[in-house]
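Q: Sharing structure37.cif (mmCIF, C-alpha atoms) below.
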```cif
data_final
loop_
_atom_site.label_atom_id
_atom_site.label_comp_id
_atom_site.auth_asym_id
_atom_site.auth_seq_id
_atom_site.Cartn_x
_atom_site.Cartn_y
_atom_site.Cartn_z
CA MET A 1 150.88 -6.47 -130.59
CA LYS A 2 154.45 -7.33 -131.62
CA THR A 3 157.28 -5.03 -130.60
CA SER A 4 160.90 -4.76 -131.71
CA SER A 5 163.88 -5.16 -129.40
CA ASP A 6 163.84 -1.44 -128.55
CA GLY A 7 160.22 -1.62 -127.50
CA ARG A 8 158.79 0.06 -130.58
CA THR A 9 155.64 -1.33 -132.11
CA LEU A 10 156.49 -3.08 -135.36
CA THR A 11 154.77 -1.90 -138.51
CA PRO A 12 152.92 -4.50 -140.58
CA HIS A 13 155.72 -4.17 -143.11
CA GLU A 14 158.37 -5.29 -140.62
CA LEU A 15 156.26 -8.19 -139.44
CA VAL A 16 156.24 -9.76 -142.88
CA HIS A 17 159.95 -9.64 -143.64
CA GLY A 18 163.12 -8.17 -142.19
CA ASP A 19 164.46 -6.35 -145.24
CA SER A 20 162.94 -4.23 -147.91
CA ALA A 21 164.21 -3.85 -151.43
CA PRO A 22 165.47 -0.45 -152.52
CA GLY A 23 162.58 1.49 -154.03
CA ASP A 24 160.18 -0.93 -152.47
CA GLU A 25 156.96 0.42 -151.15
CA ARG A 26 154.41 -2.10 -150.09
CA ILE A 27 150.92 -1.26 -151.17
CA VAL A 28 148.66 -2.97 -148.67
CA PRO A 29 145.66 -4.04 -150.73
CA HIS A 30 142.38 -2.16 -150.23
CA ALA A 31 143.54 0.33 -147.60
CA GLU A 32 146.82 2.08 -148.34
CA TYR A 33 146.49 2.85 -152.04
CA ALA A 34 146.22 6.61 -151.51
CA GLN A 35 149.07 6.57 -148.98
CA GLY A 36 151.63 5.78 -151.69
CA ILE A 37 150.35 8.48 -154.03
CA LYS A 38 150.45 10.98 -151.17
CA GLY A 39 154.15 10.19 -150.54
CA TYR A 40 155.04 10.87 -154.17
CA LEU A 41 153.06 14.11 -154.16
CA ILE A 42 154.83 15.38 -151.02
CA GLY A 43 158.20 14.55 -152.60
CA PHE A 44 157.20 16.22 -155.86
CA VAL A 45 156.13 19.46 -154.14
CA LEU A 46 159.35 19.57 -152.07
CA ALA A 47 161.48 18.90 -155.16
CA ILE A 48 159.72 21.61 -157.19
CA GLY A 49 160.15 24.08 -154.31
CA LEU A 50 163.89 23.38 -154.00
CA THR A 51 164.31 23.61 -157.79
CA CYS A 52 162.57 27.00 -157.86
CA ILE A 53 164.82 28.30 -155.06
CA SER A 54 167.90 27.11 -156.99
CA PHE A 55 166.86 28.83 -160.21
CA PHE A 56 165.94 31.97 -158.32
CA MET A 57 169.35 32.07 -156.60
CA ALA A 58 171.25 31.65 -159.83
CA ARG A 59 169.49 34.58 -161.49
CA SER A 60 168.92 37.03 -158.65
CA SER A 61 171.24 39.82 -157.64
CA LEU A 62 169.89 39.79 -154.09
CA VAL A 63 172.32 37.07 -152.96
CA TRP A 64 175.98 37.78 -152.29
CA ALA A 65 177.57 36.43 -155.47
CA PRO A 66 180.53 34.41 -154.05
CA SER A 67 178.16 32.41 -151.86
CA ILE A 68 175.98 31.24 -154.76
CA PRO A 69 177.95 28.10 -155.82
CA ILE A 70 178.00 26.79 -152.25
CA ALA A 71 174.33 27.61 -151.71
CA LEU A 72 173.46 25.81 -154.96
CA SER A 73 175.47 22.74 -153.86
CA VAL A 74 173.64 22.64 -150.55
CA LEU A 75 170.25 22.97 -152.28
CA ALA A 76 171.21 20.22 -154.75
CA MET A 77 172.14 17.88 -151.90
CA ALA A 78 168.88 18.64 -150.11
CA GLN A 79 166.93 17.88 -153.26
CA MET A 80 168.81 14.62 -153.81
CA GLY A 81 167.87 13.70 -150.25
CA VAL A 82 164.20 14.43 -151.00
CA HIS A 83 164.38 12.22 -154.11
CA LEU A 84 166.05 9.40 -152.19
CA VAL A 85 163.45 9.38 -149.42
CA PHE A 86 160.21 10.05 -151.30
CA PHE A 87 160.92 8.51 -154.73
CA LEU A 88 163.47 5.76 -154.06
CA HIS A 89 162.19 5.01 -150.51
CA ILE A 90 165.71 4.80 -149.10
CA THR A 91 165.00 5.62 -145.45
CA THR A 92 166.67 5.20 -142.09
CA GLY A 93 164.34 2.37 -141.05
CA PRO A 94 165.77 -0.90 -139.72
CA ASP A 95 164.63 -2.75 -142.85
CA ASN A 96 166.71 -0.42 -145.02
CA VAL A 97 170.17 -0.84 -143.45
CA ASN A 98 171.68 -2.77 -146.37
CA ASN A 99 170.45 -0.25 -148.93
CA VAL A 100 171.76 2.72 -146.93
CA LEU A 101 175.15 1.05 -146.36
CA ALA A 102 175.58 0.42 -150.09
CA LEU A 103 174.68 4.05 -150.79
CA ALA A 104 177.06 5.31 -148.09
CA PHE A 105 179.95 3.37 -149.61
CA GLY A 106 179.06 4.73 -153.06
CA LEU A 107 179.05 8.27 -151.68
CA LEU A 108 182.48 7.72 -150.12
CA ILE A 109 183.88 6.75 -153.54
CA VAL A 110 182.10 9.66 -155.24
CA MET A 111 183.54 12.16 -152.75
CA LEU A 112 187.07 10.70 -153.07
CA LEU A 113 186.80 10.84 -156.85
CA VAL A 114 185.45 14.39 -157.17
CA PHE A 115 187.31 16.17 -154.38
CA GLY A 116 190.49 14.14 -154.92
CA SER A 117 190.57 15.09 -158.61
CA LEU A 118 189.88 18.74 -157.89
CA TRP A 119 192.53 18.85 -155.18
CA ILE A 120 195.27 17.21 -157.25
CA MET A 121 194.50 19.10 -160.46
CA THR A 122 194.32 22.58 -158.89
CA HIS A 123 197.57 21.78 -157.12
CA LEU A 124 199.21 20.76 -160.41
CA ASN A 125 197.86 23.88 -162.14
CA HIS A 126 199.32 25.95 -159.36
CA MET A 127 202.76 24.33 -159.65
CA MET A 128 202.91 24.39 -163.43
CA MET A 129 205.19 26.82 -165.18
CA PRO A 130 203.34 29.35 -167.35
CA MET A 131 203.26 28.28 -170.99
CA ASP A 132 205.39 31.13 -172.38
CA GLN A 133 208.23 30.39 -169.96
CA MET A 134 208.14 26.73 -170.93
CA MET A 135 208.44 27.74 -174.61
CA ASN A 136 211.45 29.87 -173.81
CA MET A 137 213.20 26.99 -172.04
CA GLN A 138 212.88 24.76 -175.09
CA ARG A 139 214.73 27.21 -177.33
CA MET B 1 148.70 3.21 -141.08
CA SER B 2 146.85 2.86 -137.81
CA GLY B 3 143.93 1.29 -139.62
CA ALA B 4 146.16 -1.48 -140.90
CA HIS B 5 147.46 -1.93 -137.37
CA ALA B 6 144.13 -2.30 -135.71
CA ALA B 7 142.93 -5.02 -138.04
CA PRO B 8 145.93 -6.82 -139.50
CA SER B 9 145.17 -9.64 -141.85
CA GLY B 10 146.68 -13.06 -141.24
CA HIS B 11 149.35 -12.38 -143.82
CA GLU B 12 150.63 -9.28 -142.06
CA MET B 13 150.74 -10.86 -138.65
CA ARG B 14 153.33 -13.46 -139.58
CA PRO B 15 156.52 -12.84 -137.63
CA LYS B 16 159.67 -12.34 -139.66
CA GLY B 17 162.08 -15.21 -140.14
CA HIS B 18 159.51 -17.90 -139.47
CA GLY B 19 157.98 -17.96 -142.91
CA HIS B 20 157.92 -21.73 -143.30
CA ALA B 21 157.09 -22.53 -139.70
CA ALA B 22 154.17 -20.14 -139.82
CA GLY B 23 152.86 -21.79 -142.95
CA LEU B 24 154.02 -19.27 -145.52
CA THR B 25 153.69 -21.07 -148.81
CA GLU B 26 156.84 -21.95 -150.71
CA SER B 27 156.15 -19.75 -153.72
CA GLU B 28 155.16 -16.74 -151.63
CA GLY B 29 158.34 -16.75 -149.54
CA HIS B 30 160.42 -17.27 -152.65
CA ALA B 31 158.87 -14.36 -154.54
CA GLU B 32 159.40 -12.08 -151.56
CA SER B 33 163.10 -12.83 -151.10
CA LYS B 34 163.82 -12.85 -154.83
CA ARG B 35 162.28 -9.38 -155.14
CA ILE B 36 164.65 -8.08 -152.47
CA VAL B 37 167.72 -9.76 -153.97
CA VAL B 38 166.99 -8.54 -157.51
CA ALA B 39 166.30 -4.96 -156.46
CA TYR B 40 169.34 -4.90 -154.16
CA GLY B 41 171.59 -6.13 -156.98
CA PHE B 42 170.17 -3.47 -159.26
CA TRP B 43 170.71 -0.86 -156.55
CA ILE B 44 174.41 -1.85 -156.44
CA PHE B 45 174.56 -1.39 -160.23
CA LEU B 46 172.96 2.04 -159.95
CA ILE B 47 175.50 3.10 -157.33
CA SER B 48 178.32 2.03 -159.66
CA ASP B 49 176.59 4.07 -162.39
CA ILE B 50 176.56 7.07 -160.04
CA ILE B 51 180.30 6.54 -159.48
CA MET B 52 180.83 6.60 -163.27
CA PHE B 53 178.92 9.88 -163.46
CA ALA B 54 181.11 11.19 -160.63
CA ALA B 55 184.18 10.49 -162.78
CA PHE B 56 182.70 12.46 -165.69
CA PHE B 57 181.66 15.15 -163.25
CA ALA B 58 185.16 15.40 -161.74
CA THR B 59 186.57 15.77 -165.27
CA TYR B 60 184.10 18.58 -165.95
CA ALA B 61 184.86 20.30 -162.64
CA VAL B 62 188.60 20.23 -163.40
CA LEU B 63 188.20 21.45 -167.00
CA SER B 64 185.31 23.90 -166.56
CA GLY B 65 187.64 26.90 -166.61
CA ASN B 66 189.68 25.75 -169.63
CA THR B 67 187.76 27.48 -172.39
CA ALA B 68 190.82 28.02 -174.65
CA GLY B 69 189.57 31.51 -175.49
CA GLY B 70 186.22 30.11 -176.60
CA PRO B 71 182.75 30.63 -175.15
CA SER B 72 182.12 29.86 -171.47
CA GLY B 73 179.01 28.48 -169.81
CA LYS B 74 177.73 31.98 -169.20
CA ASP B 75 177.65 32.67 -172.96
CA LEU B 76 176.16 29.31 -173.93
CA PHE B 77 173.61 28.16 -171.34
CA HIS B 78 169.95 29.21 -171.62
CA LEU B 79 168.33 28.83 -168.22
CA ASP B 80 164.77 28.88 -169.61
CA ASN B 81 165.55 25.78 -171.64
CA VAL B 82 167.12 24.10 -168.60
CA ALA B 83 164.09 24.99 -166.46
CA ILE B 84 161.71 23.30 -168.93
CA GLU B 85 163.98 20.24 -169.13
CA THR B 86 164.03 20.03 -165.32
CA ALA B 87 160.25 20.36 -165.09
CA CYS B 88 159.84 17.53 -167.63
CA LEU B 89 162.15 15.18 -165.77
CA LEU B 90 160.74 15.99 -162.31
CA THR B 91 157.16 15.43 -163.43
CA SER B 92 158.16 12.23 -165.19
CA SER B 93 159.57 10.98 -161.87
CA LEU B 94 156.17 11.58 -160.27
CA THR B 95 154.29 9.77 -163.03
CA CYS B 96 156.83 6.94 -162.93
CA GLY B 97 156.05 6.56 -159.22
CA LEU B 98 152.33 6.48 -160.00
CA ALA B 99 152.99 3.78 -162.61
CA GLY B 100 154.81 1.77 -159.93
CA ILE B 101 151.78 2.05 -157.64
CA GLY B 102 149.53 1.06 -160.53
CA ALA B 103 151.69 -2.01 -161.18
CA GLN B 104 151.70 -3.08 -157.52
CA ALA B 105 147.99 -2.54 -157.15
CA GLY B 106 147.34 -4.38 -160.41
CA ASN B 107 145.65 -1.36 -161.95
CA ARG B 108 146.32 -1.59 -165.69
CA LYS B 109 144.72 1.73 -166.58
CA LEU B 110 146.77 3.73 -164.04
CA PHE B 111 149.91 1.87 -165.09
CA HIS B 112 149.59 2.42 -168.83
CA ILE B 113 148.47 6.06 -168.63
CA SER B 114 151.25 6.97 -166.17
CA MET B 115 153.88 5.16 -168.23
CA ALA B 116 152.71 6.90 -171.43
CA ILE B 117 152.97 10.33 -169.74
CA THR B 118 156.41 9.38 -168.38
CA PHE B 119 157.51 8.46 -171.92
CA LEU B 120 156.25 11.73 -173.42
CA LEU B 121 157.96 13.83 -170.73
CA GLY B 122 161.22 11.89 -171.11
CA ALA B 123 161.08 12.27 -174.90
CA ALA B 124 160.41 16.02 -174.53
CA PHE B 125 163.47 16.29 -172.29
CA LEU B 126 165.58 14.48 -174.86
CA VAL B 127 164.36 16.67 -177.76
CA LEU B 128 165.15 19.86 -175.81
CA GLU B 129 168.60 18.58 -174.93
CA LEU B 130 169.43 17.52 -178.49
CA ARG B 131 168.20 20.89 -179.78
CA GLU B 132 170.49 22.63 -177.30
CA PHE B 133 173.44 20.48 -178.47
CA ALA B 134 172.65 21.22 -182.13
CA GLU B 135 172.48 24.97 -181.47
CA MET B 136 175.80 24.91 -179.66
CA ILE B 137 177.54 22.91 -182.39
CA GLU B 138 176.11 25.22 -185.06
CA ALA B 139 177.47 28.23 -183.18
CA GLY B 140 180.96 26.72 -183.36
CA ALA B 141 180.89 25.54 -179.73
CA GLY B 142 181.09 21.80 -180.41
CA PRO B 143 182.91 19.25 -178.25
CA SER B 144 186.20 19.85 -180.08
CA ARG B 145 186.29 23.60 -179.32
CA SER B 146 187.81 23.46 -175.81
CA GLY B 147 188.48 21.24 -172.82
CA PHE B 148 185.44 22.78 -171.13
CA LEU B 149 183.14 21.86 -174.02
CA SER B 150 184.59 18.34 -174.42
CA SER B 151 183.87 17.54 -170.79
CA PHE B 152 180.45 19.28 -170.96
CA PHE B 153 179.29 17.21 -173.93
CA ALA B 154 180.67 14.01 -172.38
CA LEU B 155 178.88 14.60 -169.07
CA ILE B 156 175.50 15.83 -170.34
CA GLY B 157 175.61 13.45 -173.31
CA CYS B 158 176.17 10.51 -170.97
CA HIS B 159 173.05 11.47 -169.03
CA GLY B 160 171.12 11.91 -172.28
CA PHE B 161 172.23 8.46 -173.41
CA HIS B 162 170.93 7.01 -170.12
CA VAL B 163 167.58 8.73 -170.66
CA THR B 164 167.41 7.24 -174.18
CA ALA B 165 168.09 3.77 -172.79
CA GLY B 166 165.47 4.41 -170.09
CA LEU B 167 162.85 5.33 -172.71
CA LEU B 168 163.49 2.10 -174.62
CA TRP B 169 163.20 0.14 -171.37
CA LEU B 170 159.97 1.99 -170.56
CA LEU B 171 158.40 0.92 -173.87
CA THR B 172 159.57 -2.64 -173.23
CA MET B 173 157.90 -2.62 -169.81
CA MET B 174 154.62 -1.35 -171.27
CA ALA B 175 154.71 -4.07 -173.92
CA GLN B 176 155.51 -6.76 -171.35
CA VAL B 177 152.67 -5.73 -169.05
CA PHE B 178 150.36 -5.53 -172.05
CA ALA B 179 151.30 -9.04 -173.19
CA LYS B 180 151.95 -10.86 -169.90
CA GLY B 181 150.16 -8.91 -167.18
CA PHE B 182 151.46 -8.21 -163.68
CA ARG B 183 153.43 -11.42 -163.11
CA ASP B 184 156.02 -11.54 -160.32
CA ASP B 185 158.96 -11.32 -162.73
CA ILE B 186 157.37 -8.39 -164.59
CA LEU B 187 156.80 -6.58 -161.29
CA ARG B 188 160.48 -7.09 -160.38
CA ARG B 189 161.53 -5.57 -163.71
CA MET B 190 159.15 -2.68 -163.14
CA LEU B 191 160.72 -2.06 -159.70
CA CYS B 192 164.19 -1.98 -161.29
CA PHE B 193 162.96 0.36 -164.03
CA SER B 194 161.51 2.86 -161.58
CA LEU B 195 164.74 2.75 -159.54
CA PHE B 196 166.65 3.51 -162.75
CA TRP B 197 164.38 6.38 -163.75
CA HIS B 198 164.42 8.04 -160.31
CA THR B 199 168.23 7.72 -160.19
CA LEU B 200 168.50 9.52 -163.56
CA ASP B 201 166.46 12.30 -162.00
CA ILE B 202 168.84 12.50 -159.03
CA ILE B 203 171.80 12.76 -161.40
CA TRP B 204 170.00 15.51 -163.33
CA VAL B 205 169.57 17.47 -160.07
CA ALA B 206 173.36 17.51 -159.68
CA LEU B 207 173.81 18.46 -163.35
CA PHE B 208 171.36 21.34 -163.53
CA SER B 209 172.51 22.79 -160.21
CA LEU B 210 176.26 22.44 -160.51
CA VAL B 211 176.79 22.61 -164.28
CA TYR B 212 174.12 24.98 -165.60
CA LEU B 213 173.19 27.18 -162.63
CA VAL B 214 176.71 27.55 -161.23
CA GLY B 215 178.00 28.02 -164.81
CA VAL B 216 175.61 30.91 -165.38
CA ALA B 217 176.04 32.43 -161.91
CA GLN B 218 179.83 32.65 -162.21
#
```
Take the structure in the file and write it out as structure tokens.
A:
Amino acid sequence: MKTSSDGRTLTPHELVHGDSAPGDERIVPHAEYAQGIKGYLIGFVLAIGLTCISFFMARSSLVWAPSIPIALSVLAMAQMGVHLVFFLHITTGPDNVNNVLALAFGLLIVMLLVFGSLWIMTHLNHMMMPMDQMMNMQR
Amino acid sequence: MSGAHAAPSGHEMRPKGHGHAAGLTESEGHAESKRIVVAYGFWIFLISDIIMFAAFFATYAVLSGNTAGGPSGKDLFHLDNVAIETACLLTSSLTCGLAGIGAQAGNRKLFHISMAITFLLGAAFLVLELREFAEMIEAGAGPSRSGFLSSFFALIGCHGFHVTAGLLWLLTMMAQVFAKGFRDDILRRMLCFSLFWHTLDIIWVALFSLVYLVGVAQ
């Protein structure tokens, strides 16, 4: 039985090639047909559950109102994680390093873009003179 | 998994990186690496697409309070409609995955039925979204009403446009499989298509949570 450098037994997948394409999920002929379907079903159930919790939170009065936007963001991130793992097959496995690195860089840019814009624009709003005062100055 | 371990076929036992030395045929090794390169390139494209959506999303986040005295999200959004849209898109992601399995396993029936269901669910999503847009415009809340509505229509419309493109691609894939069968190049295109469709679903998760639900909860 082949093992990797850290002593773990290699999966058949890793024995064939070192990298896997994003979204790739090898269907081993004959045996593992149902395995793939099972993965999608688990992901689907998790995603539906998280979606239901999100909709429930938005409508219910049981949750402290100011916490709702943050709770919804956290739930959204969790659900995106579920989609990435079960639907896109982006995992933490050694054959997936390139795919994860590309995604991590993308996320860095996304965070800079969204939070940077919000930061600068709320700051500008804060500093801006109210409109009626500006009108008065122009007279 | 353990079953495959106990009795690996000759193909699975080949160590990585020694494809030619171990007698891996030229075409087989080529198809394998090309599949990875194509899908990786497409993955990079999808990440740049996500970055574009982030720009639209940042615009929306900045402008979401600027209603210019007009209606806000709380007045305009109908959560029942959004829930049905979400259910359509989520289920279509599942059936798209099943179509991918059908394609890899060479099962034409599974492939075509799953793809047809995916198309119907995607089309239902699009109809619901366009109906929502039409209702809003009719009520005087079109994209020119306020900064909030301009950015809302740009963001959601951009996603809707992607879904439209995805539906056209889906029909193309069905036609290609129908005409040419599960050739290597067709399977690569199918892999890219399912990546595209699942990514649209991920973007929709961000949209329904942070645009619609947060908009209504505020």
Q: Nearest to Leu50 in chain A: which of B:Leu90, B:Leu200, B:Cys158, B:Ala139 is it, counting all atoms listed in the file?
A: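 Among the listed residues, the smallest separation from Leu50 in chain A belongs to B:Leu90.
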Q: Which residues, written as a PDB file with C-alpha atoms, in the frame of the given file, have at least one atom at most 9 Å from Leu63 in chain B, with all atoms listed in the file counted and residues fewer than 5 positions away on the same chain left out?
A:
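After the write, result-v1.pdb holds the following:
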```pdb
ATOM      1  CA  ALA B  58     185.160  15.400-161.740  1.00  0.00           C
ATOM      2  CA  GLY B 147     188.480  21.240-172.820  1.00  0.00           C
ATOM      3  CA  PHE B 148     185.440  22.780-171.130  1.00  0.00           C
ATOM      4  CA  LEU B 149     183.140  21.860-174.020  1.00  0.00           C
ATOM      5  CA  SER B 150     184.590  18.340-174.420  1.00  0.00           C
ATOM      6  CA  SER B 151     183.870  17.540-170.790  1.00  0.00           C
ATOM      7  CA  PHE B 152     180.450  19.280-170.960  1.00  0.00           C
TER       8      PHE B 152
END
```
Q: Exactly which residues make up the result of the PyMOL selection byres ((chain B and resi 181-192) around 8) on this file, given as JSON, numbers by chain?
A: {"A": [23, 24], "B": [31, 35, 38, 39, 42, 100, 103, 104, 106, 173, 176, 177, 178, 179, 180, 193, 194, 195, 196]}
Q: For range 91-96 of chain A, find every residue with an atom within 7 Å (counting only C-alpha atoms), except residues of its own chain fewer than 3 positions away, and show them as a PyMOL selection string.
A: chain A and resi 18-20+85+99-100
Q: Dump as a PyMOL selection string the residues of chain B that approach chain A to within 7 Å, counting all atoms listed in the file.
A: chain B and resi 5+12-17+35-36+39-40+43-44+47+51+54-55+58+62+94+97-98+104-105+191+195+198+202+205-206+209-210+213-214+217
Q: Okay, now the selection with C-alpha atoms, as a CSV table (one decimal), keeping the file's coordinate frame?
A:
```csv
chain,number,residue,atom,x,y,z
B,5,HIS,CA,147.5,-1.9,-137.4
B,12,GLU,CA,150.6,-9.3,-142.1
B,13,MET,CA,150.7,-10.9,-138.6
B,14,ARG,CA,153.3,-13.5,-139.6
B,15,PRO,CA,156.5,-12.8,-137.6
B,16,LYS,CA,159.7,-12.3,-139.7
B,17,GLY,CA,162.1,-15.2,-140.1
B,35,ARG,CA,162.3,-9.4,-155.1
B,36,ILE,CA,164.6,-8.1,-152.5
B,39,ALA,CA,166.3,-5.0,-156.5
B,40,TYR,CA,169.3,-4.9,-154.2
B,43,TRP,CA,170.7,-0.9,-156.6
B,44,ILE,CA,174.4,-1.8,-156.4
B,47,ILE,CA,175.5,3.1,-157.3
B,51,ILE,CA,180.3,6.5,-159.5
B,54,ALA,CA,181.1,11.2,-160.6
B,55,ALA,CA,184.2,10.5,-162.8
B,58,ALA,CA,185.2,15.4,-161.7
B,62,VAL,CA,188.6,20.2,-163.4
B,94,LEU,CA,156.2,11.6,-160.3
B,97,GLY,CA,156.0,6.6,-159.2
B,98,LEU,CA,152.3,6.5,-160.0
B,104,GLN,CA,151.7,-3.1,-157.5
B,105,ALA,CA,148.0,-2.5,-157.2
B,191,LEU,CA,160.7,-2.1,-159.7
B,195,LEU,CA,164.7,2.8,-159.5
B,198,HIS,CA,164.4,8.0,-160.3
B,202,ILE,CA,168.8,12.5,-159.0
B,205,VAL,CA,169.6,17.5,-160.1
B,206,ALA,CA,173.4,17.5,-159.7
B,209,SER,CA,172.5,22.8,-160.2
B,210,LEU,CA,176.3,22.4,-160.5
B,213,LEU,CA,173.2,27.2,-162.6
B,214,VAL,CA,176.7,27.6,-161.2
B,217,ALA,CA,176.0,32.4,-161.9
```
Q: Could you state the separation of CA of Thr67 in chain B and CA of Met129 in chain A in Å, given to one decimal place?
A: 18.9 Å
Q: Which of these residues is nearest to Phe119 in chain B, using all atoms listed in the file: B:Ser93, B:Asn107, B:Gln218, B:Ser72?
A: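 The shortest atom-to-atom distance to Phe119 in chain B comes from B:Ser93.
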Q: Hey, can you check how far CA of Ala116 in chain B sits from CA of Ala165 in chain B?
A: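 About the pair CA of Ala116 in chain B and CA of Ala165 in chain B: they are 15.8 Å apart.
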Q: Just the number, please: distance in Å from CA of Leu89 in chain B to CA of Met52 in chain B, one decimal.
A: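 We find that CA of Leu89 in chain B and CA of Met52 in chain B lie 20.7 Å from each other.
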